[in-house]
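upload-v7.txt, holding compact mmCIF, C-alpha atoms and all ligand atoms:
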```txt
# COMPACT_ATOMS: atom_id res chain seq x y z
CA MET A 1032 -94.58 65.25 119.23
CA ASN A 1033 -93.63 65.40 115.58
CA ILE A 1034 -92.67 61.93 114.41
CA LEU A 1035 -90.96 61.14 111.11
CA ILE A 1036 -91.33 57.61 109.75
CA THR A 1037 -88.84 56.84 106.97
CA GLY A 1038 -89.25 53.92 104.56
CA ALA A 1039 -93.01 54.32 105.07
CA ASN A 1040 -93.91 52.25 101.99
CA GLY A 1041 -92.20 49.13 103.35
CA GLN A 1042 -93.61 46.35 105.53
CA LEU A 1043 -92.87 47.98 108.87
CA GLY A 1044 -93.48 51.53 107.65
CA ASN A 1045 -97.01 50.59 106.59
CA GLU A 1046 -97.71 48.91 109.94
CA MET A 1047 -96.49 52.08 111.70
CA ARG A 1048 -98.91 54.08 109.56
CA ILE A 1049 -101.84 51.86 110.59
CA LEU A 1050 -100.94 51.87 114.28
CA SER A 1051 -100.40 55.64 114.31
CA GLU A 1052 -104.18 55.97 113.95
CA GLN A 1053 -104.40 54.77 117.57
CA HIS A 1054 -101.85 57.37 118.73
CA THR A 1055 -103.47 60.56 117.48
CA GLN A 1056 -101.75 62.82 120.00
CA HIS A 1057 -98.74 63.03 117.67
CA THR A 1058 -98.23 64.54 114.24
CA TYR A 1059 -96.75 62.11 111.73
CA PHE A 1060 -94.63 62.57 108.62
CA PHE A 1061 -94.60 59.40 106.53
CA THR A 1062 -91.88 59.49 103.89
CA ASP A 1063 -90.24 57.02 101.54
CA VAL A 1064 -87.34 57.56 99.17
CA ALA A 1065 -89.39 59.75 96.79
CA GLU A 1066 -90.18 62.28 99.55
CA LEU A 1067 -87.00 61.97 101.59
CA ASP A 1068 -83.91 60.07 100.48
CA ILE A 1069 -82.20 59.42 103.80
CA THR A 1070 -78.82 58.87 102.12
CA SER A 1071 -78.72 62.65 101.64
CA ARG A 1072 -77.41 64.29 104.79
CA GLU A 1073 -78.61 67.72 103.65
CA ALA A 1074 -82.10 66.48 102.81
CA VAL A 1075 -82.45 64.80 106.21
CA GLN A 1076 -81.21 67.86 108.08
CA HIS A 1077 -83.50 70.16 106.10
CA PHE A 1078 -86.56 67.94 106.68
CA VAL A 1079 -85.94 67.56 110.41
CA THR A 1080 -85.38 71.28 110.96
CA GLU A 1081 -88.21 72.43 108.69
CA ASN A 1082 -90.76 70.14 110.37
CA ALA A 1083 -89.39 70.37 113.93
CA ILE A 1084 -89.12 66.56 114.12
CA ASP A 1085 -88.80 65.18 117.66
CA ILE A 1086 -88.47 61.47 116.88
CA ILE A 1087 -87.41 59.58 113.76
CA VAL A 1088 -88.48 55.95 113.35
CA ASN A 1089 -86.20 54.57 110.66
CA CYS A 1090 -88.06 51.84 108.78
CA ALA A 1091 -86.05 52.44 105.59
CA ALA A 1092 -83.44 49.91 104.58
CA TYR A 1093 -81.75 48.02 101.77
CA THR A 1094 -83.22 44.60 102.61
CA ASN A 1095 -82.35 42.40 99.61
CA VAL A 1096 -79.78 40.03 101.14
CA ASP A 1097 -78.70 38.48 97.82
CA LYS A 1098 -78.45 41.72 95.84
CA ALA A 1099 -76.44 43.37 98.62
CA GLU A 1100 -73.54 41.00 97.89
CA SER A 1101 -72.93 42.68 94.52
CA ASP A 1102 -74.31 46.08 95.50
CA GLU A 1103 -72.65 46.64 98.87
CA GLU A 1104 -71.92 50.30 98.17
CA LEU A 1105 -75.60 51.19 97.80
CA ALA A 1106 -76.55 48.89 100.68
CA TYR A 1107 -73.96 50.71 102.83
CA ALA A 1108 -75.31 54.12 101.82
CA ILE A 1109 -78.88 53.16 102.82
CA ASN A 1110 -78.17 50.92 105.82
CA ALA A 1111 -75.12 52.68 107.30
CA THR A 1112 -74.49 56.24 106.05
CA ALA A 1113 -78.20 57.06 106.19
CA ALA A 1114 -78.46 55.86 109.81
CA GLU A 1115 -75.62 58.25 110.65
CA ASN A 1116 -77.41 61.07 108.80
CA LEU A 1117 -80.49 60.51 110.94
CA GLY A 1118 -78.42 60.39 114.13
CA ARG A 1119 -76.73 63.67 113.23
CA SER A 1120 -80.04 65.49 112.71
CA GLY A 1121 -80.68 66.34 116.36
CA ALA A 1122 -83.91 64.32 116.56
CA LYS A 1123 -84.27 61.23 118.73
CA VAL A 1124 -83.88 58.09 116.64
CA ILE A 1125 -85.45 54.63 116.77
CA HIS A 1126 -83.55 52.51 114.26
CA ILE A 1127 -84.32 48.97 113.13
CA SER A 1128 -81.57 46.39 112.69
CA THR A 1129 -81.30 42.65 112.16
CA ASP A 1130 -80.22 39.24 113.42
CA TYR A 1131 -77.80 39.22 110.45
CA VAL A 1132 -75.32 41.16 112.62
CA PHE A 1133 -74.66 37.78 114.29
CA SER A 1134 -72.83 34.83 112.75
CA GLY A 1135 -75.84 32.54 113.16
CA ASP A 1136 -73.60 29.81 114.54
CA GLY A 1137 -75.06 30.03 118.05
CA PHE A 1138 -77.49 27.75 119.84
CA ILE A 1139 -78.60 29.96 122.76
CA PRO A 1140 -80.88 32.95 122.01
CA TYR A 1141 -78.68 35.97 121.22
CA THR A 1142 -78.65 38.78 123.78
CA GLU A 1143 -77.91 42.42 122.93
CA THR A 1144 -74.37 42.10 124.30
CA ASP A 1145 -73.39 38.93 122.43
CA SER A 1146 -70.51 39.25 119.96
CA VAL A 1147 -71.44 40.35 116.47
CA ALA A 1148 -69.91 38.71 113.39
CA PRO A 1149 -71.90 39.34 110.22
CA ARG A 1150 -71.39 36.84 107.40
CA THR A 1151 -73.07 38.77 104.59
CA ALA A 1152 -72.82 42.19 102.94
CA TYR A 1153 -76.33 42.97 104.23
CA GLY A 1154 -75.28 42.07 107.78
CA ARG A 1155 -72.07 44.12 107.52
CA THR A 1156 -73.90 47.22 106.31
CA LYS A 1157 -76.59 46.89 109.01
CA LEU A 1158 -73.91 46.51 111.69
CA ALA A 1159 -72.09 49.55 110.33
CA GLY A 1160 -75.40 51.45 110.60
CA GLU A 1161 -75.73 50.51 114.27
CA GLU A 1162 -72.15 51.56 115.00
CA LEU A 1163 -72.23 54.87 113.10
CA LEU A 1164 -75.58 55.77 114.68
CA GLN A 1165 -74.45 54.97 118.21
CA ALA A 1166 -71.20 56.91 117.74
CA ILE A 1167 -72.98 60.09 116.61
CA CYS A 1168 -76.14 59.64 118.71
CA PRO A 1169 -75.63 57.61 121.90
CA GLU A 1170 -79.27 58.31 122.79
CA ALA A 1171 -80.54 56.21 119.88
CA ILE A 1172 -82.77 53.18 120.37
CA ILE A 1173 -81.81 50.27 118.09
CA ILE A 1174 -84.19 47.34 117.75
CA ARG A 1175 -82.89 44.20 116.06
CA THR A 1176 -85.53 41.95 114.58
CA ALA A 1177 -85.69 38.86 112.35
CA TRP A 1178 -87.90 36.97 109.87
CA LEU A 1179 -90.19 39.98 109.32
CA TYR A 1180 -93.50 39.61 107.48
CA SER A 1181 -96.65 41.64 107.07
CA THR A 1182 -99.71 42.00 104.87
CA PHE A 1183 -97.65 44.63 103.00
CA GLY A 1184 -94.78 44.07 100.57
CA ASN A 1185 -93.18 40.80 99.57
CA ASN A 1186 -92.32 38.32 102.28
CA PHE A 1187 -92.03 34.64 103.15
CA VAL A 1188 -95.69 34.21 104.17
CA LYS A 1189 -96.98 35.58 100.87
CA THR A 1190 -94.45 33.55 98.86
CA MET A 1191 -95.41 30.30 100.61
CA LEU A 1192 -99.15 31.00 100.13
CA ARG A 1193 -98.49 31.44 96.42
CA LEU A 1194 -96.22 28.40 96.07
CA GLY A 1195 -98.66 26.25 98.05
CA GLN A 1196 -101.27 26.97 95.39
CA GLU A 1197 -98.89 26.58 92.43
CA ARG A 1198 -96.79 23.53 93.31
CA GLU A 1199 -97.60 19.89 93.89
CA SER A 1200 -94.57 19.55 96.13
CA LEU A 1201 -92.42 22.04 98.02
CA GLY A 1202 -89.12 21.58 99.87
CA VAL A 1203 -88.44 24.06 102.70
CA VAL A 1204 -85.34 24.13 104.92
CA PHE A 1205 -85.63 22.76 108.44
CA ASP A 1206 -82.06 23.46 109.59
CA GLN A 1207 -82.43 27.24 109.92
CA ILE A 1208 -84.05 28.18 113.21
CA GLY A 1209 -85.56 31.52 114.18
CA SER A 1210 -88.67 33.36 115.30
CA PRO A 1211 -91.06 34.90 112.78
CA THR A 1212 -91.98 38.54 113.43
CA TYR A 1213 -95.27 40.10 112.42
CA ALA A 1214 -94.38 43.71 111.59
CA ALA A 1215 -97.61 44.90 113.25
CA ASP A 1216 -96.34 43.50 116.58
CA LEU A 1217 -92.97 45.19 116.08
CA ALA A 1218 -94.86 48.45 115.51
CA VAL A 1219 -96.56 47.95 118.90
CA ALA A 1220 -93.13 47.62 120.54
CA ILE A 1221 -91.90 50.77 118.78
CA PHE A 1222 -94.88 52.74 120.07
CA ALA A 1223 -94.21 51.36 123.57
CA ALA A 1224 -90.73 52.89 123.32
CA ILE A 1225 -92.13 56.20 122.02
CA GLU A 1226 -94.79 56.42 124.75
CA SER A 1227 -92.50 55.29 127.57
CA PRO A 1228 -92.32 57.95 130.35
CA GLU A 1229 -88.55 57.88 130.01
CA TRP A 1230 -86.40 57.52 126.89
CA HIS A 1231 -84.41 54.27 127.24
CA ALA A 1232 -81.49 54.42 124.80
CA GLY A 1233 -79.72 51.23 123.78
CA VAL A 1234 -79.92 48.06 121.72
CA TYR A 1235 -82.95 45.75 121.99
CA HIS A 1236 -84.11 42.50 120.42
CA PHE A 1237 -87.66 41.92 119.21
CA THR A 1238 -89.37 39.02 117.44
CA ASN A 1239 -92.59 37.17 118.16
CA GLU A 1240 -92.39 34.55 120.92
CA GLY A 1241 -91.51 30.95 120.13
CA VAL A 1242 -89.05 29.28 117.79
CA CYS A 1243 -89.38 27.29 114.58
CA SER A 1244 -87.66 26.35 111.34
CA TRP A 1245 -88.72 27.74 107.96
CA TYR A 1246 -90.26 24.31 107.32
CA ASP A 1247 -92.36 24.51 110.52
CA PHE A 1248 -93.35 28.07 109.66
CA THR A 1249 -94.56 26.93 106.23
CA HIS A 1250 -96.39 23.96 107.76
CA GLU A 1251 -98.28 26.36 110.02
CA ILE A 1252 -98.99 28.79 107.16
CA PHE A 1253 -100.48 25.97 105.09
CA ALA A 1254 -102.52 24.53 107.97
CA ARG A 1255 -103.98 27.89 108.99
CA ALA A 1256 -104.55 29.12 105.44
CA GLN A 1257 -106.67 26.08 104.62
CA SER A 1258 -109.40 27.16 107.01
CA LEU A 1259 -109.38 30.70 105.58
CA LEU A 1260 -109.14 30.06 101.84
CA SER A 1261 -112.02 29.19 99.51
CA LYS A 1262 -112.63 25.44 99.13
CA GLY A 1263 -110.81 25.10 95.81
CA ALA A 1264 -107.73 27.03 96.93
CA ALA A 1265 -107.71 25.24 100.31
CA ASP A 1266 -107.74 21.85 98.56
CA THR A 1267 -104.80 22.88 96.36
CA VAL A 1268 -102.76 23.88 99.41
CA ALA A 1269 -103.77 20.67 101.20
CA ASN A 1270 -102.52 18.68 98.22
CA CYS A 1271 -99.13 20.44 98.09
CA GLN A 1272 -96.67 17.97 99.58
CA LEU A 1273 -94.43 19.87 102.01
CA ARG A 1274 -90.96 18.35 102.47
CA PRO A 1275 -88.28 19.30 105.04
CA ILE A 1276 -84.92 19.82 103.27
CA LEU A 1277 -81.41 20.82 104.32
CA SER A 1278 -79.91 24.22 103.49
CA SER A 1279 -77.28 22.34 101.48
CA GLU A 1280 -80.09 21.07 99.21
CA TYR A 1281 -81.30 24.62 98.47
CA GLN A 1282 -79.33 26.80 96.06
CA TYR A 1283 -78.79 29.87 98.27
CA GLN A 1284 -76.89 32.67 96.53
CA THR A 1285 -75.86 34.01 99.94
CA PRO A 1286 -75.38 31.94 103.11
CA ARG A 1287 -78.21 32.21 105.62
CA PRO A 1288 -77.75 32.08 109.41
CA HIS A 1289 -78.57 28.67 110.88
CA TYR A 1290 -79.59 30.16 114.21
CA SER A 1291 -81.39 33.52 114.41
CA VAL A 1292 -83.19 33.29 117.74
CA LEU A 1293 -83.08 36.56 119.71
CA ASN A 1294 -83.46 36.91 123.47
CA LYS A 1295 -86.21 39.50 124.10
CA THR A 1296 -85.98 39.82 127.89
CA LYS A 1297 -84.58 43.37 127.76
CA ILE A 1298 -87.28 44.91 125.58
CA LYS A 1299 -90.06 43.16 127.53
CA GLN A 1300 -88.72 44.33 130.90
CA THR A 1301 -87.79 47.87 129.83
CA PHE A 1302 -91.06 48.73 128.10
CA GLY A 1303 -93.41 46.35 129.92
CA ILE A 1304 -94.68 44.68 126.76
CA THR A 1305 -96.17 41.23 126.23
CA ILE A 1306 -95.29 39.67 122.89
CA PRO A 1307 -97.70 37.32 121.08
CA HIS A 1308 -96.54 33.83 120.10
CA TRP A 1309 -95.63 33.59 116.42
CA THR A 1310 -98.53 31.20 115.67
CA GLU A 1311 -101.09 33.70 117.07
CA ALA A 1312 -99.47 36.56 115.16
CA LEU A 1313 -99.51 34.49 111.97
CA GLN A 1314 -103.24 33.84 112.40
CA VAL A 1315 -103.93 37.59 112.68
CA CYS A 1316 -101.88 38.34 109.57
CA LEU A 1317 -103.42 35.52 107.53
CA GLU A 1318 -106.94 36.61 108.44
CA LYS A 1319 -106.16 40.13 107.19
CA LEU A 1320 -104.33 38.90 104.12
CA LEU A 1321 -106.87 36.35 102.98
CA LYS A 1322 -109.87 38.56 103.65
CA GLU A 1323 -108.43 41.19 101.27
N1 LIG B 1401 -87.53 41.87 106.06
C1 LIG B 1401 -86.94 41.12 106.99
O1 LIG B 1401 -87.09 39.88 107.02
C2 LIG B 1401 -86.12 41.78 108.07
C3 LIG B 1401 -85.46 40.97 108.99
C4 LIG B 1401 -84.70 41.59 109.98
C5 LIG B 1401 -84.61 42.96 110.04
N2 LIG B 1401 -85.24 43.72 109.11
C6 LIG B 1401 -85.12 45.17 109.21
O2 LIG B 1401 -86.40 45.69 109.50
C7 LIG B 1401 -86.52 47.01 108.93
C8 LIG B 1401 -87.79 47.09 108.13
O3 LIG B 1401 -87.74 46.12 107.10
P1 LIG B 1401 -88.91 45.95 106.02
O4 LIG B 1401 -88.98 44.52 105.66
O5 LIG B 1401 -90.12 46.70 106.47
O6 LIG B 1401 -88.23 46.72 104.79
P2 LIG B 1401 -88.86 46.98 103.34
O7 LIG B 1401 -90.23 46.42 103.25
O8 LIG B 1401 -87.81 46.56 102.36
O9 LIG B 1401 -89.02 48.57 103.34
C9 LIG B 1401 -87.92 49.43 103.32
C10 LIG B 1401 -88.37 50.71 102.67
O10 LIG B 1401 -87.26 51.62 102.68
C11 LIG B 1401 -87.27 52.29 101.41
N3 LIG B 1401 -85.98 52.88 101.11
C12 LIG B 1401 -84.93 52.31 100.45
N4 LIG B 1401 -83.94 53.21 100.29
C13 LIG B 1401 -84.37 54.37 100.85
C14 LIG B 1401 -83.81 55.65 100.98
N5 LIG B 1401 -82.58 55.94 100.50
N6 LIG B 1401 -84.51 56.62 101.61
C15 LIG B 1401 -85.75 56.36 102.08
N7 LIG B 1401 -86.35 55.16 101.98
C16 LIG B 1401 -85.66 54.17 101.37
C17 LIG B 1401 -87.65 51.17 100.46
O11 LIG B 1401 -88.01 51.67 99.20
P3 LIG B 1401 -87.73 50.74 97.90
O12 LIG B 1401 -88.62 49.55 98.06
O13 LIG B 1401 -88.13 51.65 96.77
O14 LIG B 1401 -86.28 50.39 97.92
C18 LIG B 1401 -88.80 50.53 101.21
O15 LIG B 1401 -90.04 51.19 100.96
C19 LIG B 1401 -85.23 47.23 108.14
O16 LIG B 1401 -84.33 47.96 108.92
C20 LIG B 1401 -84.69 45.84 107.92
O17 LIG B 1401 -83.28 45.84 107.77
C21 LIG B 1401 -86.00 43.17 108.13
```
Can the structure from this file be put into structure tokens for me?
Amino acid sequence: MNILITGANGQLGNEMRILSEQHTQHTYFFTDVAELDITSREAVQHFVTENAIDIIVNCAAYTNVDKAESDEELAYAINATAAENLGRSGAKVIHISTDYVFSGDGFIPYTETDSVAPRTAYGRTKLAGEELLQAICPEAIIIRTAWLYSTFGNNFVKTMLRLGQERESLGVVFDQIGSPTYAADLAVAIFAAIESPEWHAGVYHFTNEGVCSWYDFTHEIFARAQSLLSKGAADTVANCQLRPILSSEYQYQTPRPHYSVLNKTKIKQTFGITIPHWTEALQVCLEKLLKE
């Protein structure tokens, strides 16, 4: 099959590129905005027709939650209109969405059929993307994920590793609960959907297994990094005093969901996948990151 990966320079796009080397039966087209701006309906249609694309994996997005508040028009073009453009192209689409479609007020892991109620511009534009895509292309697969990190791009893991070496003390919120997601594991799930004997359209949830707060996540990053870093750097991280703080103590520009845990039963049962626990996934990522 001919598979187009959009947003290929991002965290997930890069992990798709790496994993594609294990799925050599397909021909891949890795594009980012310079090669294919997915907000252009004509450009998408031309690319899909010209290259006889069978499946599009949409890893492109406007992901800056704070900036989206003042830049909702552009966020909408990339997260919503572009998803519709892809759905209109005639190719099958696997689209990535987010826990931000939910209010974050829950306390039971969100299922795919739970009510959506985004609280941010980012969440609104991502929800609009889901809705426009499903309206034009009911055969689409939509995978919502959360707390994504990778060895590529900027993310929470890299920021905490840096701050742990720069600061003597660090406060991290412990009243926002979710499940970290290693983008390489999400790529495995995407390939499971691609390789499935049947195409199973619909909405799915995917994160790594287990639940934690951002504080717990940082605690684990620091603990695991210490055994991988050089002695000097490990001592600096060990000496950084990590403090649990409340969201109200942190100056968020945009409110963050307090509860982002997603129920993954559907994706596991439909595609027969086993998902690593977030601590195991973190170890794999840190080993790659700190070896580089
Ligand atoms: N990051 C998270 O914590 C998180 C959480 C939940 C869900 N998600 C979802 O997971 C998916 C993957 O996220 P990610 O973290 O891998 O994103 P990312 O690292 O921000 O990568 C997105 C890529 O899309 C590109 N892009 C932006 N506008 C484009 C356009 N018009 N046409 C083509 N490409 C364009 C970006 O280029 P520029 O960098 O030049 O803009 C970037 O290379 C997204 O759908 C995101 O909403 C992410």
For a quick check of understanding, using all atoms listed in the file, which of A:His1057, A:Arg1287, A:Lys1098, A:Arg1119 has the smallest distance to Val1075 (chain A)?
A:Arg1119
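With only C-alpha atoms as the atoms that count, the residue of A:Val1315, A:Ala1224, A:Val1242, A:Met1032 with the shortest distance to Gln1300 (chain A) is A:Ala1224.
Of the listed residues A:Val1292, A:Leu1259, A:Leu1194, A:Ile1276, the one whose atoms come nearest to ligand LIG 1401 (chain B) is A:Val1292, with distances taken using all atoms listed in the file.
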Please return as a PyMOL selection string the residues found within 9 Å of ligand LIG 1401 (chain B), counting all atoms listed in the file.
chain A and resi 1037-1046+1062-1071+1089-1095+1105-1106+1108-1110+1113+1126-1131+1153-1154+1157+1174-1181+1183-1187+1211-1212+1214
Neighbour list for Pro1228 (chain A) as an mmCIF file with C-alpha atoms, keeping the file's coordinate frame, cut-off 12 Å, only C-alpha atoms, skip fewer than 5 positions in-chain:
```cif
data_model
loop_
_atom_site.group_PDB
_atom_site.id
_atom_site.type_symbol
_atom_site.label_atom_id
_atom_site.label_comp_id
_atom_site.auth_asym_id
_atom_site.auth_seq_id
_atom_site.Cartn_x
_atom_site.Cartn_y
_atom_site.Cartn_z
ATOM 1 C CA PHE A 1222 -94.880 52.740 120.070
ATOM 2 C CA ALA A 1223 -94.210 51.360 123.570
ATOM 3 C CA THR A 1301 -87.790 47.870 129.830
ATOM 4 C CA PHE A 1302 -91.060 48.730 128.100
ATOM 5 C CA GLY A 1303 -93.410 46.350 129.920
#
```
Provide the CA of Ala1148 (chain A) to CA of Ile1306 (chain A) distance in Å, to one decimal place.
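Pair CA of Ala1148 (chain A) / CA of Ile1306 (chain A) returns 27.1 Å.
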Mind working out the centre and edge lengths of an axis-aligned box for region 1304-1313 of chain A, all listed atoms inside, 3 Å added to each side, rounded to one decimal in Å and written as JSON?
```
{"center_x": -97.9, "center_y": 37.9, "center_z": 119.4, "size_x": 12.4, "size_y": 19.5, "size_z": 20.8}
```
Shortest contact to Ser1291 (chain A), candidates A:Gln1314, A:Ser1146, A:Thr1190, A:Ser1134, atoms counted all atoms listed in the file, goes to A:Ser1134
I want to know what sits within 7 Å of Leu1293 (chain A), based on only C-alpha atoms, with residues of the same chain fewer than 3 positions away left out; could you give that as a PyMOL selection string?
chain A and resi 1140-1142+1236
Applying 8 Å and all atoms listed in the file, which residues near Leu1050 (chain A) remain after dropping the ones on its own chain fewer than 6 positions away? List them as a ChimeraX atom specification.
/A:1215,1218-1219
Given all atoms listed in the file as the basis, pick out the residue of A:Ile1173, A:Ala1265, A:Ala1232, A:Ile1139 nearest to Gly1209 (chain A).
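Among the listed residues, the smallest separation from Gly1209 (chain A) belongs to A:Ile1139.
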Find, counting all atoms listed in the file, the residue in A:Val1096, A:Ile1208, A:Ile1167, A:Ile1172 that gets nearest to Gly1135 (chain A).
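Nearest candidate to Gly1135 (chain A) out of A:Val1096, A:Ile1208, A:Ile1167, A:Ile1172: A:Ile1208.
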As a PyMOL selection string, please: the residues near Asp1206 (chain A) (cut-off 7 Å, all atoms listed in the file, same-chain neighbours under 3 positions excluded).
chain A and resi 1244+1277-1278+1289
Could you tell me how far CA of Lys1319 (chain A) sits from CA of Met1191 (chain A), in Å to one decimal place?
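Atom-to-atom, CA of Met1191 (chain A) and CA of Lys1319 (chain A) are spaced 16.0 Å apart.
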Taking 6 positions as the minimum chain separation for residues in the same chain, which residues sit within 7 Å of Val1203 (chain A) when counting only C-alpha atoms? Answer as a PyMOL selection string.
chain A and resi 1245-1246+1274-1276
Just to be explicit: take each residue in the selection above, keep C-alpha atoms, and write the result as a short mmCIF file (atom, residue, chain, number, x, y, z; two decimals), keeping the file's coordinate frame.
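Contents of out.cif, as written:
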```
data_model
loop_
_atom_site.label_atom_id
_atom_site.label_comp_id
_atom_site.auth_asym_id
_atom_site.auth_seq_id
_atom_site.Cartn_x
_atom_site.Cartn_y
_atom_site.Cartn_z
CA TRP A 1245 -88.72 27.74 107.96
CA TYR A 1246 -90.26 24.31 107.32
CA ARG A 1274 -90.96 18.35 102.47
CA PRO A 1275 -88.28 19.30 105.04
CA ILE A 1276 -84.92 19.82 103.27
#
```
Measure the distance from CA of His1308 (chain A) to CA of Ile1221 (chain A) in Å and round it to one decimal.
17.6 Å
As a JSON list (two decimals), keeping the file's coordinate frame, please: region 1225-1247 of chain A completed to N, CA and C atoms.
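Everything below was put into rebuild.json:
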```json
[["chain", "number", "residue", "atom", "x", "y", "z"],
["A", 1225, "ILE", "N", -91.82, 54.78, 122.22],
["A", 1225, "ILE", "CA", -92.13, 56.20, 122.02],
["A", 1225, "ILE", "C", -92.92, 56.75, 123.22],
["A", 1226, "GLU", "N", -93.89, 55.96, 123.69],
["A", 1226, "GLU", "CA", -94.79, 56.42, 124.75],
["A", 1226, "GLU", "C", -94.22, 56.21, 126.16],
["A", 1227, "SER", "N", -93.09, 55.54, 126.25],
["A", 1227, "SER", "CA", -92.50, 55.29, 127.57],
["A", 1227, "SER", "C", -92.24, 56.62, 128.30],
["A", 1228, "PRO", "N", -92.54, 56.69, 129.61],
["A", 1228, "PRO", "CA", -92.32, 57.95, 130.35],
["A", 1228, "PRO", "C", -90.88, 58.44, 130.26],
["A", 1229, "GLU", "N", -89.96, 57.49, 130.16],
["A", 1229, "GLU", "CA", -88.55, 57.88, 130.01],
["A", 1229, "GLU", "C", -88.01, 57.31, 128.70],
["A", 1230, "TRP", "N", -87.05, 58.00, 128.11],
["A", 1230, "TRP", "CA", -86.40, 57.52, 126.89],
["A", 1230, "TRP", "C", -85.30, 56.54, 127.30],
["A", 1231, "HIS", "N", -85.39, 55.29, 126.85],
["A", 1231, "HIS", "CA", -84.41, 54.27, 127.24],
["A", 1231, "HIS", "C", -83.52, 53.93, 126.05],
["A", 1232, "ALA", "N", -82.42, 54.66, 125.92],
["A", 1232, "ALA", "CA", -81.49, 54.42, 124.80],
["A", 1232, "ALA", "C", -80.87, 53.03, 124.90],
["A", 1233, "GLY", "N", -80.44, 52.51, 123.77],
["A", 1233, "GLY", "CA", -79.72, 51.23, 123.78],
["A", 1233, "GLY", "C", -80.19, 50.28, 122.69],
["A", 1234, "VAL", "N", -79.60, 49.09, 122.71],
["A", 1234, "VAL", "CA", -79.92, 48.06, 121.72],
["A", 1234, "VAL", "C", -80.92, 47.09, 122.34],
["A", 1235, "TYR", "N", -81.92, 46.70, 121.54],
["A", 1235, "TYR", "CA", -82.95, 45.75, 121.99],
["A", 1235, "TYR", "C", -83.17, 44.70, 120.92],
["A", 1236, "HIS", "N", -83.71, 43.56, 121.36],
["A", 1236, "HIS", "CA", -84.11, 42.50, 120.42],
["A", 1236, "HIS", "C", -85.62, 42.32, 120.46],
["A", 1237, "PHE", "N", -86.21, 42.18, 119.29],
["A", 1237, "PHE", "CA", -87.66, 41.92, 119.21],
["A", 1237, "PHE", "C", -87.99, 40.96, 118.08],
["A", 1238, "THR", "N", -88.70, 39.89, 118.42],
["A", 1238, "THR", "CA", -89.37, 39.02, 117.44],
["A", 1238, "THR", "C", -90.65, 38.58, 118.13],
["A", 1239, "ASN", "N", -91.49, 37.82, 117.44],
["A", 1239, "ASN", "CA", -92.59, 37.17, 118.16],
["A", 1239, "ASN", "C", -92.01, 36.08, 119.06],
["A", 1240, "GLU", "N", -92.83, 35.62, 120.02],
["A", 1240, "GLU", "CA", -92.39, 34.55, 120.92],
["A", 1240, "GLU", "C", -92.34, 33.22, 120.17],
["A", 1241, "GLY", "N", -91.56, 32.29, 120.70],
["A", 1241, "GLY", "CA", -91.51, 30.95, 120.13],
["A", 1241, "GLY", "C", -90.42, 30.82, 119.08],
["A", 1242, "VAL", "N", -90.17, 29.61, 118.69],
["A", 1242, "VAL", "CA", -89.05, 29.28, 117.79],
["A", 1242, "VAL", "C", -89.52, 28.23, 116.79],
["A", 1243, "CYS", "N", -89.02, 28.32, 115.57],
["A", 1243, "CYS", "CA", -89.38, 27.29, 114.58],
["A", 1243, "CYS", "C", -88.34, 27.29, 113.46],
["A", 1244, "SER", "N", -88.47, 26.33, 112.57],
["A", 1244, "SER", "CA", -87.66, 26.35, 111.34],
["A", 1244, "SER", "C", -88.54, 26.93, 110.23],
["A", 1245, "TRP", "N", -87.93, 27.24, 109.10],
["A", 1245, "TRP", "CA", -88.72, 27.74, 107.96],
["A", 1245, "TRP", "C", -89.74, 26.68, 107.52],
["A", 1246, "TYR", "N", -89.35, 25.41, 107.65],
["A", 1246, "TYR", "CA", -90.26, 24.31, 107.32],
["A", 1246, "TYR", "C", -91.48, 24.34, 108.25],
["A", 1247, "ASP", "N", -91.24, 24.47, 109.56],
["A", 1247, "ASP", "CA", -92.36, 24.51, 110.52],
["A", 1247, "ASP", "C", -93.25, 25.72, 110.26]]
```
